[in-house]
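Peer 1: Just upload.tsv, nothing more (TSV, C-alpha atoms):
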chain	number	residue	atom	x	y	z
A	1	MET	CA	-6.29	-46.57	-14.57
A	2	LEU	CA	-4.36	-45.28	-11.58
A	3	LEU	CA	-3.91	-41.90	-13.28
A	4	ALA	CA	-7.59	-41.78	-14.18
A	5	LEU	CA	-8.61	-42.52	-10.62
A	6	ALA	CA	-6.21	-39.96	-9.20
A	7	ALA	CA	-7.35	-37.11	-11.43
A	8	PRO	CA	-10.74	-36.46	-9.74
A	9	VAL	CA	-9.05	-36.46	-6.33
A	10	LEU	CA	-6.46	-33.88	-7.42
A	11	THR	CA	-9.09	-31.72	-9.07
A	12	SER	CA	-11.31	-31.90	-6.02
A	13	CYS	CA	-8.47	-30.79	-3.72
A	14	SER	CA	-7.57	-27.89	-6.03
A	15	ASP	CA	-11.17	-26.67	-6.17
A	16	LYS	CA	-11.57	-26.90	-2.42
A	17	ASP	CA	-8.35	-24.96	-1.74
A	18	SER	CA	-9.39	-22.12	-4.05
A	19	GLU	CA	-13.14	-22.04	-3.49
A	20	ASP	CA	-12.87	-18.97	-1.22
A	21	LYS	CA	-10.59	-17.10	-3.65
A	22	SER	CA	-11.51	-15.14	-6.73
A	23	ARG	CA	-10.33	-16.58	-10.06
A	24	ILE	CA	-8.44	-13.40	-10.95
A	25	THR	CA	-6.56	-11.46	-8.30
A	26	TYR	CA	-5.83	-7.78	-8.89
A	27	TYR	CA	-3.11	-6.21	-6.79
A	28	ALA	CA	-3.23	-2.53	-5.95
A	29	VAL	CA	-0.69	-0.24	-7.57
A	30	LEU	CA	0.36	2.63	-5.31
A	31	GLU	CA	1.95	5.87	-6.44
A	32	LEU	CA	3.19	8.49	-3.99
A	33	ASN	CA	2.06	12.07	-4.33
A	34	GLY	CA	5.26	14.03	-3.86
A	35	ASP	CA	8.72	12.69	-3.07
A	36	ALA	CA	9.63	9.50	-1.21
A	37	ASN	CA	12.02	11.52	0.97
A	38	MET	CA	10.64	14.80	2.27
A	39	THR	CA	11.75	17.51	4.70
A	40	THR	CA	9.76	19.96	6.74
A	41	PRO	CA	11.07	22.67	9.10
A	42	VAL	CA	10.57	22.13	12.79
A	43	GLY	CA	7.59	24.02	14.18
A	44	ALA	CA	5.81	24.32	10.83
A	45	PRO	CA	2.62	22.37	10.08
A	46	PHE	CA	3.15	19.31	7.90
A	47	THR	CA	0.53	18.04	5.49
A	48	ASP	CA	0.99	14.55	4.12
A	49	PRO	CA	0.61	14.73	0.31
A	50	GLY	CA	-0.64	11.16	0.47
A	51	CYS	CA	-0.74	8.46	-2.13
A	52	LYS	CA	-2.83	7.31	-5.08
A	53	ALA	CA	-3.92	3.68	-5.51
A	54	THR	CA	-5.46	1.88	-8.46
A	55	MET	CA	-6.59	-1.73	-8.70
A	56	GLY	CA	-7.87	-3.40	-11.86
A	57	GLY	CA	-7.99	0.00	-13.53
A	58	GLU	CA	-10.14	1.55	-10.79
A	59	ASP	CA	-9.14	4.27	-8.32
A	60	VAL	CA	-9.13	2.77	-4.82
A	61	SER	CA	-7.29	5.58	-3.04
A	62	ASP	CA	-10.08	5.67	-0.44
A	63	GLN	CA	-8.99	2.17	0.66
A	64	ILE	CA	-5.45	3.24	1.59
A	65	GLN	CA	-4.50	2.54	5.18
A	66	VAL	CA	-1.85	4.95	6.51
A	67	THR	CA	0.54	4.00	9.30
A	68	GLY	CA	2.81	6.41	11.14
A	69	SER	CA	2.55	10.13	11.81
A	70	VAL	CA	4.77	13.21	11.82
A	71	ASN	CA	5.41	15.33	14.91
A	72	SER	CA	6.61	18.51	13.27
A	73	ASN	CA	7.53	19.98	16.67
A	74	VAL	CA	10.33	17.47	17.23
A	75	VAL	CA	13.40	17.14	15.00
A	76	GLY	CA	13.81	13.62	13.67
A	77	PHE	CA	12.73	11.10	11.05
A	78	TYR	CA	9.18	9.86	10.63
A	79	PRO	CA	8.29	6.94	8.31
A	80	LEU	CA	4.83	6.86	6.76
A	81	GLY	CA	3.40	3.68	5.27
A	82	TYR	CA	0.55	3.27	2.77
A	83	THR	CA	-1.17	-0.10	2.26
A	84	VAL	CA	-4.11	-1.42	0.28
A	85	VAL	CA	-5.40	-4.98	0.82
A	86	ASN	CA	-7.31	-6.55	-2.08
A	87	ALA	CA	-10.43	-8.71	-1.85
A	88	ASP	CA	-8.34	-11.87	-1.49
A	89	GLY	CA	-6.36	-10.45	1.41
A	90	PHE	CA	-3.15	-9.68	-0.49
A	91	PRO	CA	-1.51	-6.36	0.48
A	92	ALA	CA	0.38	-3.86	-1.65
A	93	SER	CA	2.30	-1.08	0.01
A	94	THR	CA	4.72	1.79	-0.35
A	95	SER	CA	6.28	4.28	2.05
A	96	ARG	CA	7.98	7.64	2.45
A	97	MET	CA	10.34	9.19	4.98
A	98	VAL	CA	9.74	12.65	6.40
A	99	ALA	CA	12.63	14.51	8.06
A	100	VAL	CA	11.73	17.27	10.48
A	101	VAL	CA	14.79	19.51	10.28
A	102	ASP	CA	16.09	22.57	12.10
A	103	PRO	CA	17.18	24.98	9.35
A	104	ASN	CA	18.90	27.28	11.85
A	105	ASN	CA	20.89	24.75	13.82
A	106	PHE	CA	23.81	22.42	13.16
A	107	ALA	CA	22.08	19.81	15.31
A	108	SER	CA	19.35	18.49	13.04
A	109	ALA	CA	18.08	15.64	10.95
A	110	TYR	CA	19.84	15.22	7.59
A	111	TYR	CA	19.70	13.04	4.51
A	112	GLY	CA	23.10	11.45	3.93
A	113	GLU	CA	24.84	11.01	0.59
A	114	SER	CA	28.04	8.95	0.60
A	115	GLN	CA	30.58	7.92	-2.02
A	116	TYR	CA	33.49	5.52	-1.80
A	117	GLY	CA	35.06	4.32	-5.00
A	118	SER	CA	32.35	3.50	-7.51
A	119	ARG	CA	29.67	3.07	-4.85
A	120	HIS	CA	27.37	6.03	-4.34
A	121	TYR	CA	24.35	6.04	-2.01
A	122	TYR	CA	21.66	8.59	-1.17
A	123	ASN	CA	18.92	9.51	1.31
A	124	ALA	CA	20.22	7.79	4.45
A	125	PRO	CA	18.58	9.22	7.60
A	126	ILE	CA	21.38	10.74	9.70
A	127	GLY	CA	21.07	12.79	12.88
A	128	ILE	CA	23.49	15.24	14.46
A	129	HIS	CA	22.84	15.77	18.18
A	130	ASP	CA	24.06	18.56	20.49
A	131	ASN	CA	25.98	17.15	23.47
A	132	GLY	CA	25.71	20.45	25.37
A	133	ASP	CA	29.47	20.78	25.84
A	134	GLY	CA	30.49	22.29	22.52
A	135	THR	CA	30.59	18.92	20.80
A	136	TYR	CA	28.07	16.98	18.72
A	137	THR	CA	27.37	13.31	18.10
A	138	ILE	CA	26.67	12.16	14.55
A	139	ASP	CA	24.75	8.89	14.13
A	140	ASP	CA	26.99	7.67	11.31
A	141	ILE	CA	29.91	9.74	10.09
A	142	LEU	CA	29.97	7.52	6.98
A	143	GLY	CA	26.62	8.96	5.91
A	144	GLY	CA	24.83	5.61	5.97
A	145	PHE	CA	27.23	4.04	3.45
A	146	TYR	CA	27.31	0.58	5.03
A	147	CYS	CA	24.15	0.44	7.14
A	148	TYR	CA	21.75	1.84	4.53
A	149	GLY	CA	23.75	1.56	1.33
A	150	ARG	CA	25.81	-1.62	1.02
A	151	TYR	CA	24.18	-3.82	3.66
A	152	PRO	CA	20.60	-2.65	4.29
A	153	SER	CA	19.41	-6.22	4.91
A	154	TYR	CA	21.52	-6.27	8.11
A	155	LEU	CA	19.94	-3.11	9.50
A	156	GLY	CA	19.05	-3.75	13.13
A	157	VAL	CA	21.06	-6.98	13.14
A	158	LEU	CA	24.69	-5.86	12.80
A	159	ASP	CA	26.09	-2.48	13.85
A	160	PHE	CA	27.42	-0.92	10.67
A	161	PHE	CA	26.90	2.60	12.05
A	162	LEU	CA	30.14	4.47	12.81
A	163	ASP	CA	28.99	7.09	15.28
A	164	ALA	CA	31.41	9.87	16.12
A	165	VAL	CA	31.84	12.93	18.30
A	166	ILE	CA	32.64	16.04	16.28
A	167	LYS	CA	33.29	19.71	16.99
A	168	LEU	CA	31.97	22.67	15.01
A	169	ASN	CA	34.47	25.53	15.06
A	170	ALA	CA	33.77	29.26	14.87
A	171	ASP	CA	34.71	29.30	11.17
A	172	ASN	CA	32.24	26.42	10.56
A	173	SER	CA	35.02	23.90	9.97
A	174	ILE	CA	34.50	20.50	11.57
A	175	ASP	CA	37.00	18.50	13.60
A	176	LEU	CA	36.78	14.87	14.66
A	177	VAL	CA	36.94	14.37	18.43
A	178	SER	CA	36.53	10.59	18.56
A	179	TYR	CA	34.98	7.59	16.87
A	180	GLY	CA	32.55	5.33	18.66
A	181	ASN	CA	32.31	1.55	18.57
A	182	TRP	CA	32.00	-0.09	15.19
A	183	TYR	CA	31.45	-3.56	13.74
A	184	TRP	CA	34.96	-3.62	12.24
A	185	GLY	CA	36.66	-2.40	15.41
A	186	ASP	CA	39.63	-0.10	14.87
A	187	ASP	CA	39.55	-0.37	11.08
A	188	VAL	CA	38.19	3.15	10.68
A	189	PRO	CA	38.80	5.81	8.03
A	190	THR	CA	41.18	8.71	8.51
A	191	PHE	CA	39.24	11.92	8.99
A	192	LEU	CA	40.65	14.70	6.81
A	193	ASP	CA	38.36	17.71	7.14
A	194	GLY	CA	34.78	18.88	7.26
A	195	ASN	CA	32.65	21.99	6.82
A	196	TYR	CA	29.16	23.25	7.62
A	197	ASP	CA	27.44	25.85	5.45
A	198	PRO	CA	24.78	27.62	7.56
A	199	ALA	CA	23.27	29.27	4.47
A	200	THR	CA	22.44	25.97	2.77
A	201	GLY	CA	22.46	23.67	5.80
A	202	VAL	CA	24.90	21.33	4.05
A	203	VAL	CA	27.56	19.35	5.94
A	204	SER	CA	30.56	18.12	3.93
A	205	LEU	CA	32.95	15.52	5.34
A	206	ASN	CA	36.12	14.17	3.72
A	207	MET	CA	37.89	11.01	4.85
A	208	ASP	CA	40.42	8.51	3.55
A	209	PHE	CA	39.74	4.78	3.71
A	210	GLY	CA	42.43	3.61	1.32
A	211	ALA	CA	40.64	5.84	-1.19
A	212	PRO	CA	38.66	9.09	-0.88
A	213	PHE	CA	35.49	8.68	1.18
A	214	THR	CA	33.11	11.65	0.95
A	215	VAL	CA	29.90	12.38	2.83
A	216	ARG	CA	27.38	15.13	2.18
A	217	LEU	CA	24.49	15.78	4.56
A	218	THR	CA	21.55	17.93	3.50
A	219	LYS	CA	18.42	19.19	5.22
Render the structure in this file as structure tokens.
Peer 2:
Amino acid sequence: MLLALAAPVLTSCSDKDSEDKSRITYYAVLELNGDANMTTPVGAPFTDPGCKATMGGEDVSDQIQVTGSVNSNVVGFYPLGYTVVNADGFPASTSRMVAVVDPNNFASAYYGESQYGSRHYYNAPIGIHDNGDGTYTIDDILGGFYCYGRYPSYLGVLDFFLDAVIKLNADNSIDLVSYGNWYWGDDVPTFLDGNYDPATGVVSLNMDFGAPFTVRLTK
């Protein structure tokens, strides 16, 4: 009898909680037009290729809300977000990163690729900045290995970036001037050598951290 009496109460509560919701909820499916990581040269117009969205088999691309913008006159990284909210208020989203690069300058925005042992990561946003004294500062000489690769959930919480001051020589070889502060203190890799290829805009860095540690930066 107790179960019989309780049943209408439970059913009533369930109906009341869901009375403002549709019985079937369709989530939007978003698909980027173009790549998730894009580059554009500084000073050139940038056109966002956008995104396609479908929901319940119907094209709802006109419902996409875009956040972020790209200033193609300033070198740097610009995230763009795409979101569609369904009739029940549930969002679906995706994003892309746009790098505004300087193809004619060592100081630029780059996408970092890093490898250490069996771990291999790609597309970390890395900047090289001109210090105005013949040296340059790199955001993370490890190419984003720890901050974007191994421990992305700690981004903005713990400092896994190993910034460094480097020097570009006349023959396009790269020397390390100094390391900056790092989460693990003085436990830093040994810098071996580096090179910049002006024709391709590729930076190659070789270090030793108990095993070969390689970084490749591309525009």
Peer 1: Using only C-alpha atoms, I'd like a table of the residues in region 76-157 of chain A that come within 9 Å of region 195-199 of chain A; for each, show the closest atom pair and its distance in Å rounded to one decimal, ordered by chain and ascending number, as JSON lines.
Peer 2:
{"residue": "A:Pro103", "atom": "CA", "partner": "A:Pro198", "partner_atom": "CA", "distance": 8.2}
{"residue": "A:Asn104", "atom": "CA", "partner": "A:Pro198", "partner_atom": "CA", "distance": 7.3}
{"residue": "A:Asn105", "atom": "CA", "partner": "A:Pro198", "partner_atom": "CA", "distance": 7.9}
{"residue": "A:Phe106", "atom": "CA", "partner": "A:Pro198", "partner_atom": "CA", "distance": 7.7}
Peer 1: Would you mind reading off the distance between CA of Lys52 (chain A) and CA of Leu32 (chain A), one decimal, in Å?
Peer 2: 6.2 Å
Peer 1: Of the residues A:Tyr136, A:Phe145, A:Tyr82, A:Tyr26, which is the one nearest to Gly112 (chain A), using all atoms listed in the file?
Peer 2: A:Phe145
Peer 1: Counting only C-alpha atoms, figure out which residue out of A:Val29, A:Leu155, A:Ala124, A:Ile64 gets nearest to Phe77 (chain A).
Peer 2: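 Going through A:Val29, A:Leu155, A:Ala124, A:Ile64 one by one, the smallest distance to Phe77 (chain A) is for A:Ala124.
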Peer 1: Counting all atoms listed in the file, note down every residue that has an atom within 10 Å of the point (2.6, 9.8, 14.8) (file coordinates), as a PyMOL selection string.
Peer 2: chain A and resi 67-72+78-80
Peer 1: Could you check which of A:Pro45, A:Ser173, A:Val75, A:Thr83 is closest to Ser61 (chain A), using only C-alpha atoms?
Peer 2: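 Going through A:Pro45, A:Ser173, A:Val75, A:Thr83 one by one, the smallest distance to Ser61 (chain A) is for A:Thr83.
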Peer 1: Suppose you want the space between CA of Asp102 (chain A) and CA of Asp140 (chain A); what is it in Å?
Peer 2: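 Answer for the CA of Asp102 (chain A) to CA of Asp140 (chain A) separation: 18.5 Å.
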